[in-house]
Amino acid sequence: MRGRRNRILLGIIVVLAVLSVATVWPSEPDRYLPSFVPWPEGKGAKFPWIRFEGGAITFHLKEARAMRLGLDLRGGTRLVLEADTSQAPDVNVDQALDTAAKIIERRVNAFGVAESEIQRQGSDRLAVQLPGIDPEKARDLVGRTAVLEFREPKLDENKNITVCQGGTVTYDPPGCEGGQEAAMALQSLTAASEESIIWVPAQAVGSDGLEKNLTGRFLKPNTLVSASNVGLPILNFEMTKEGSPLLEQVTTRLIGLPMAFFLDGEPIRGNDNRILAPTVRAVISDKGIIEGLSVDDARLLSIQLNGGALPVPLKVLQQEEVDATLGADSVQKSVIAGEVALLIIMLFMTLFYRLPGALASLALFVYTSIVLAIFKVWPVTLTLAGIAAFVLSVGMAVDANILIFERMKEELRAGRSLVAAIEAGFSRAWPSIRDSNVSTLITCAILYWFGDQFGASLVKGFAFTLAIGVLVSMFSAIMVTRTFLRVTIGTPLARHLGWWVVDLAETRGPAAVTPAPGMPPQSASGGEE
Amino acid sequence: MFDFVRRRNFYYLLSLLVLVPGIISLAIPPSLKPGIEFTGGTTFTVRFAQNVHQDALRSALSELGHPEAIVQGTGENKFLVRTRELKGAVAAPEVGPAPPSERDTIEAGLQQRFGDFLDNEGKVSNRFIDFYIVSGTVSEEIGRNAGFAVIAASVAILLYISWAFRAVPRPFVFGTAAIVALLHDVVLVVGTFSIFGKVFGMEINTMFLTGLLTVMGFSVHDDIVVFDRIRENLRRGEGRDFSECVNVSLNQTVARSVNTSFTVVLVLVAMLLMGGVTIRDFLLVLLIGIISGTYSSIFIASQLLVTWEERDIQRLFRRFLPRRRRPAPVETEG
């Protein structure tokens with residue numbers, strides 16, 4: 001019975017380990033492994049992923065090709081942005097840039113790029129470094145002022161839409177360059193003529209009696225992307241108290257007519273690259289949706305709306321790829337050193353604890369690949385802080401094994417059988433493994449919460465990676481090592497006691513004479529039946 | 001069996017002697033030197049005509065008096081360098097020879113070592129491509145906030161240990177002893193770096209913070225492993241009294257303590273010897289902290305339990321503040 005269960009467990013562990021190794025196998029093996037061996041290139045892994053968005057559940061395949069590494073380990077894109085004061089010469093640049101830096105940070109965090117770096121450069125510039133994001137996306141995310149405007153078509157007295165014929169439409173200010181404005185009935189509008197609609201800012205009278213443009217300023221910073229019942233993305237927005245009467249006025253006026261959304265003076269386009277201009281069907285005041293965007297665009301827009309518009313437009317002056325802040329060369333050397341260190345640990349464990357040590361080394365290998373696979377699939381952006389947490393958790397995983405083996409040795413010296421000693425070793429070592437790991441997990445929870453509250457992303461990242469590491473290390477020490485040992489008992493390997501404890505021959509004698517101090521009258525483990 | 005607990009006051013004294021220089025150094029401002037991540041400084045881009053290795057550039061900058069420089073490659077032989085604020089970095093006057101600024105010195109020094117610079121168009125030049133004063137990337141608040149987090153975590157650890165050891169008499173003492181040992185390790189590491197800052201100009205950066213968090217994790221972990229053994233032995237009635245029970249437990253766990261910490265030290269030494277230069281400070285924090293953590297779990301945390309149980313402190317007071325003669329109250333305690 002027992003033997004069969006152990007073999008099944010062993011099978012599960014082997015499958016898990018193989019899957020993990022396949023997942024973490026690097027896409028550029030030369031970076032991490034000795035280059036004289038022609039290692040195959042890692043393909044990463046695809047995982048079905050369930051996402052909850054606005055109450056709807058969506059499935060999609062998440063591709064994890066490369067480990068997400070932070071700026072310090074891998075580098076990323078560096079952008080230098082300059083405050084563009086040509087439009088607003090009286091802005092206090094100093095203040096505006098400080099605010100802009102905060103907004104950019106909010107956007108970057110919302111985008112899920114951990115550990116970015118933002119610094120003031122000179123009097124009117126910001127230098128931003130973002131890890132693992134392609135330059136175009138970085139530009140879009142960071143450089144956009146993100147002023148959202150609601151616009152309506154320019155109308156004549158008969159509620160006909162004004163289009164621009166024979167010229168190009170301009171939006172700022174709304175007009176028609178090199179052509180003629182002409183009226184067109186709504187019904188005769190085609191996809192081609194949509195492009196030539198002259199859009200003017202939608203205005204409404206505020207509670208203070210002043211005419212106001214309806215912009216993103218009147219949105220609450222809680223926009224949210226959800227999925228429609230056919231799985232298309234919808235951007236949900238809510239108006240502020242000040243904004244809802246404005247939207248109400250505009251939609252009342254526009255019933256039966258289209259309305260467009262402009263971002264930074266350009267119309268927002270949908271998935272099909274057509275200008276998004278839904279027809280207003282009903283009067284809305286407090287809540288609304290924007291449909292027809294691609295998932296990426298919807299998400300980006302939502303992030304930007306929630307982060308707020310930049311107080312001053314920023315111009316991208318420079319855009320370049322930079323390597324690790326710790327130095328690419330230095331990181332690579334350290335990776336190799338870490339691998340050597342891991343081998344040394346395995347060697348030490350095997351020399352000191354013999355067969356169990358060798359099995360624990362194998363367990364350590366399984367442990368390392370599972371943790372790295374989790375990091376890759378989650379995905380966790382790995383920085384030096386994450387590596388430190390990882391090293392700490394490897395230390396704890398090794399420690400758990402050492403605790404168990406020391407206990408096993410004691411039990412063997414006390415004259416127990418191998419089977420009983422293994423079981424006793426585990427059950428005796430368990431309370432200390434449990435208590436020390438639970439205390440670490442509590443610490444992680446608190447550090448994570450604090451890091452989140454105070455924007456100390458370093459502390460947050462550390463806590464998160466450590467928590468994953470500790471959870472897996474408990475699994476590894478108890479499940480993996482134990483299963484390995486139990487399976488080994490059934491093999492001829494168990495016959496050589498000297499392979500289990502080095503000095504057993506000497507200690508067996510005296511242990512039999514003096515009753516061992518480590519032996520309780522009632523055995524805690526119950527041993528093997 | 002080695003008698004660990006007999007000389008406990010000697011161990012306290014030893015720790016105190018090791019800690020005092022660090023504490024003194026911390027008391028003298030500036031207690032710690034904040035790195036350029038916090039303070040900001042200067043950033044410049046330089047491009048060389050010939051092949052220059054990142055490592056070589058880093059050591060050249062170090063020779064020129066900027067060991068704190070962060071060097072990032074950003075294209076072929078082009079590097080983005082951040083250093084502490086360079087003096088004389090203000091723009092040179094339009095007319096007349098400017099006094100050689102620190103910028104000039106570095107430019108000259110790098111040219112002497114690596115040859116000509118190139119400008120953005122690829123023409124030979126003798127100036128950096130750009131040169132700016134920049135703010136820090138991490139606000140100094142992060143240090144303070146991390147401090148709060150650590151205090152909150154310590155309280156949680158104290159409560160958890162007190163709960164996990166609720167079966168033993170006075171579990172709160174176990175928690176307190178673990179926190180004192182934790183404090184011991186933190187003060188040792190921070191104090192050592194304060195001294196290093198004054199002597200070698202070593203700076204504190206986010207890596208240091210990370211290292212410190214790691215050390216704290218190890219420290220509490222070590223304490224709990226030893227405490228667990230004491231808990232088990234107490235339940236079994238091991239030893240004649242509490243101090244002997246602690247001593248037995250220490251003897252039983254010492255192999256594990258040394259082996260665990262030895263494996264981690266092995267890793268750290270391997271990385272110190274073979275790894276990159278840029279994480280050396282970080283490894284140093286871990287090395288000092290982990291050795292201290294193992295030491296403090298044996299020689300501070302466990303000894304404090306005995307000190308409390310044997311009422312050493314009261315005895316100490318009585319020695320210095322003699323009052324009426326009375327039989328020692330230790331024996332009367334159940």
# chains A, B, ... in the order shown; residues from 1 in each chain; ligands from 1
call {"tool": "interface_residues", "arguments": {"of": "chain B", "to": "chain A", "cutoff": "7 Å", "atoms": "only C-alpha atoms", "output": "mmCIF file with N, CA and C atoms, in the first residue's frame"}}
result
data_model
loop_
_atom_site.group_PDB
_atom_site.id
_atom_site.type_symbol
_atom_site.label_atom_id
_atom_site.label_comp_id
_atom_site.auth_asym_id
_atom_site.auth_seq_id
_atom_site.Cartn_x
_atom_site.Cartn_y
_atom_site.Cartn_z
ATOM 1 N N ILE B 70 27.639 54.016 -11.197
ATOM 2 C CA ILE B 70 26.805 52.966 -11.776
ATOM 3 C C ILE B 70 27.009 53.030 -13.283
ATOM 4 N N VAL B 71 27.508 51.953 -13.875
ATOM 5 C CA VAL B 71 27.812 51.954 -15.306
ATOM 6 C C VAL B 71 26.836 51.029 -16.022
ATOM 7 N N GLN B 72 26.117 51.578 -16.978
ATOM 8 C CA GLN B 72 25.182 50.774 -17.767
ATOM 9 C C GLN B 72 25.576 50.885 -19.220
ATOM 10 N N GLY B 73 25.692 49.754 -19.907
ATOM 11 C CA GLY B 73 25.940 49.807 -21.335
ATOM 12 C C GLY B 73 24.687 50.247 -22.055
ATOM 13 N N THR B 74 24.846 51.022 -23.120
ATOM 14 C CA THR B 74 23.667 51.462 -23.865
ATOM 15 C C THR B 74 24.011 51.560 -25.345
ATOM 16 N N TYR B 132 24.462 65.734 -17.050
ATOM 17 C CA TYR B 132 23.357 66.362 -16.318
ATOM 18 C C TYR B 132 23.454 66.114 -14.828
ATOM 19 N N ILE B 133 22.812 67.017 -14.123
ATOM 20 C CA ILE B 133 22.618 66.790 -12.700
ATOM 21 C C ILE B 133 21.267 66.101 -12.541
ATOM 22 N N VAL B 134 21.226 65.025 -11.781
ATOM 23 C CA VAL B 134 19.969 64.283 -11.642
ATOM 24 C C VAL B 134 19.592 64.114 -10.174
ATOM 25 N N SER B 135 18.305 63.905 -9.988
ATOM 26 C CA SER B 135 17.807 63.636 -8.640
ATOM 27 C C SER B 135 17.997 62.157 -8.331
ATOM 28 N N GLY B 136 17.694 61.770 -7.110
ATOM 29 C CA GLY B 136 17.790 60.369 -6.743
ATOM 30 C C GLY B 136 16.683 59.566 -7.404
ATOM 31 N N THR B 137 16.862 58.251 -7.462
ATOM 32 C CA THR B 137 15.814 57.418 -8.049
ATOM 33 C C THR B 137 14.925 56.829 -6.970
ATOM 34 N N ILE B 142 12.024 55.706 1.610
ATOM 35 C CA ILE B 142 11.934 54.247 1.543
ATOM 36 C C ILE B 142 12.669 53.627 2.717
ATOM 37 N N ASN B 145 10.406 54.041 5.712
ATOM 38 C CA ASN B 145 9.246 53.158 5.615
ATOM 39 C C ASN B 145 9.636 51.705 5.820
ATOM 40 N N ALA B 146 10.802 51.332 5.282
ATOM 41 C CA ALA B 146 11.284 49.974 5.506
ATOM 42 C C ALA B 146 11.486 49.769 6.997
ATOM 43 N N ALA B 149 8.212 49.059 8.584
ATOM 44 C CA ALA B 149 7.787 47.705 8.232
ATOM 45 C C ALA B 149 8.494 46.698 9.128
ATOM 46 N N ALA B 153 6.941 44.111 11.682
ATOM 47 C CA ALA B 153 7.215 42.679 11.526
ATOM 48 C C ALA B 153 7.778 42.105 12.830
ATOM 49 N N ILE B 157 6.414 39.011 14.959
ATOM 50 C CA ILE B 157 7.240 37.842 15.293
ATOM 51 C C ILE B 157 7.165 37.572 16.794
ATOM 52 N N TYR B 160 3.885 36.035 17.493
ATOM 53 C CA TYR B 160 3.783 34.676 16.984
ATOM 54 C C TYR B 160 4.584 33.704 17.849
ATOM 55 N N THR B 210 17.974 45.504 1.215
ATOM 56 C CA THR B 210 17.586 44.132 0.889
ATOM 57 C C THR B 210 18.361 43.135 1.742
ATOM 58 N N THR B 214 17.081 40.303 4.541
ATOM 59 C CA THR B 214 17.447 38.893 4.458
ATOM 60 C C THR B 214 18.057 38.410 5.767
ATOM 61 N N GLY B 217 15.521 37.788 8.358
ATOM 62 C CA GLY B 217 14.830 36.517 8.127
ATOM 63 C C GLY B 217 15.625 35.346 8.692
ATOM 64 N N HIS B 221 14.767 32.819 12.028
ATOM 65 C CA HIS B 221 14.721 31.401 11.672
ATOM 66 C C HIS B 221 15.638 30.583 12.587
ATOM 67 N N ILE B 224 14.337 30.308 16.188
ATOM 68 C CA ILE B 224 13.186 29.420 16.366
ATOM 69 C C ILE B 224 13.616 27.959 16.368
ATOM 70 N N VAL B 225 14.606 27.633 15.534
ATOM 71 C CA VAL B 225 15.061 26.240 15.495
ATOM 72 C C VAL B 225 15.617 25.818 16.856
ATOM 73 N N ASP B 228 12.816 25.678 19.455
ATOM 74 C CA ASP B 228 11.963 24.504 19.269
ATOM 75 C C ASP B 228 12.527 23.309 20.021
ATOM 76 N N ARG B 256 23.517 21.328 13.508
ATOM 77 C CA ARG B 256 22.622 21.883 12.497
ATOM 78 C C ARG B 256 22.886 23.374 12.284
ATOM 79 N N THR B 260 24.050 24.623 8.643
ATOM 80 C CA THR B 260 23.207 25.492 7.830
ATOM 81 C C THR B 260 23.931 26.769 7.495
ATOM 82 N N THR B 263 26.686 26.268 4.971
ATOM 83 C CA THR B 263 26.282 26.164 3.554
ATOM 84 C C THR B 263 26.020 27.559 2.972
ATOM 85 N N VAL B 264 25.327 28.400 3.746
ATOM 86 C CA VAL B 264 25.028 29.733 3.224
ATOM 87 C C VAL B 264 26.309 30.545 3.066
ATOM 88 N N LEU B 266 29.196 29.369 2.496
ATOM 89 C CA LEU B 266 29.849 28.819 1.301
ATOM 90 C C LEU B 266 29.356 29.532 0.036
ATOM 91 N N VAL B 267 28.026 29.633 -0.056
ATOM 92 C CA VAL B 267 27.446 30.300 -1.219
ATOM 93 C C VAL B 267 27.966 31.729 -1.322
ATOM 94 N N ALA B 270 31.627 31.943 -2.299
ATOM 95 C CA ALA B 270 31.780 31.628 -3.722
ATOM 96 C C ALA B 270 31.383 32.835 -4.563
ATOM 97 N N MET B 271 30.288 33.500 -4.173
ATOM 98 C CA MET B 271 29.838 34.625 -4.963
ATOM 99 C C MET B 271 30.741 35.838 -4.797
ATOM 100 N N MET B 274 33.824 34.903 -7.024
ATOM 101 C CA MET B 274 33.646 34.757 -8.459
ATOM 102 C C MET B 274 32.644 35.721 -9.064
ATOM 103 N N GLY B 275 31.758 36.219 -8.249
ATOM 104 C CA GLY B 275 30.668 37.030 -8.773
ATOM 105 C C GLY B 275 31.109 38.425 -9.172
ATOM 106 N N GLY B 276 30.146 39.203 -9.649
ATOM 107 C CA GLY B 276 30.441 40.551 -10.087
ATOM 108 C C GLY B 276 30.755 41.479 -8.931
ATOM 109 N N VAL B 277 31.469 42.569 -9.260
ATOM 110 C CA VAL B 277 31.879 43.521 -8.235
ATOM 111 C C VAL B 277 30.681 44.270 -7.672
ATOM 112 N N THR B 278 29.674 44.488 -8.521
ATOM 113 C CA THR B 278 28.623 45.417 -8.144
ATOM 114 C C THR B 278 27.756 44.932 -6.992
#
call {"tool": "select_by_dssp", "arguments": {"residues": "region 198-438 of chain A", "states": "strand (DSSP E or B)", "output": "PyMOL selection string"}}
result
chain A and resi 199-201+203-205+211-213+215+219+224-227+233-239+258+260-263+266-267+269+275+279+287-291+314-322+382
call {"tool": "closest_residue", "arguments": {"among": "A:Gln304, A:Thr279, A:Thr190, A:Ser294", "to": "Val142 (chain A)", "atoms": "only C-alpha atoms"}}
result
A:Gln304
call {"tool": "atom_distance", "arguments": {"atom1": "CA of Gly292 (chain A)", "atom2": "CA of Asn271 (chain A)"}}
result
6.3 Å
call {"tool": "residues_around", "arguments": {"residues": "region 173-178 of chain A", "least_positions_apart": "5", "cutoff": "9 Å", "atoms": "only C-alpha atoms", "output": "ChimeraX atom specification"}}
result
/A:154,163-168,196,198-201
call {"tool": "residues_around", "arguments": {"residues": "Asp223 (chain B)", "least_positions_apart": "4", "cutoff": "9 Å", "atoms": "only C-alpha atoms", "output": "list in words"}}
result
Ser436 of chain A; Ala177, Ala178, Ala181, Leu182, Phe218, Ser219, Phe227, Asp228, Gly293, Thr294, Ser296, Ser297, Ile298, Ala301 and Ser302 of chain B
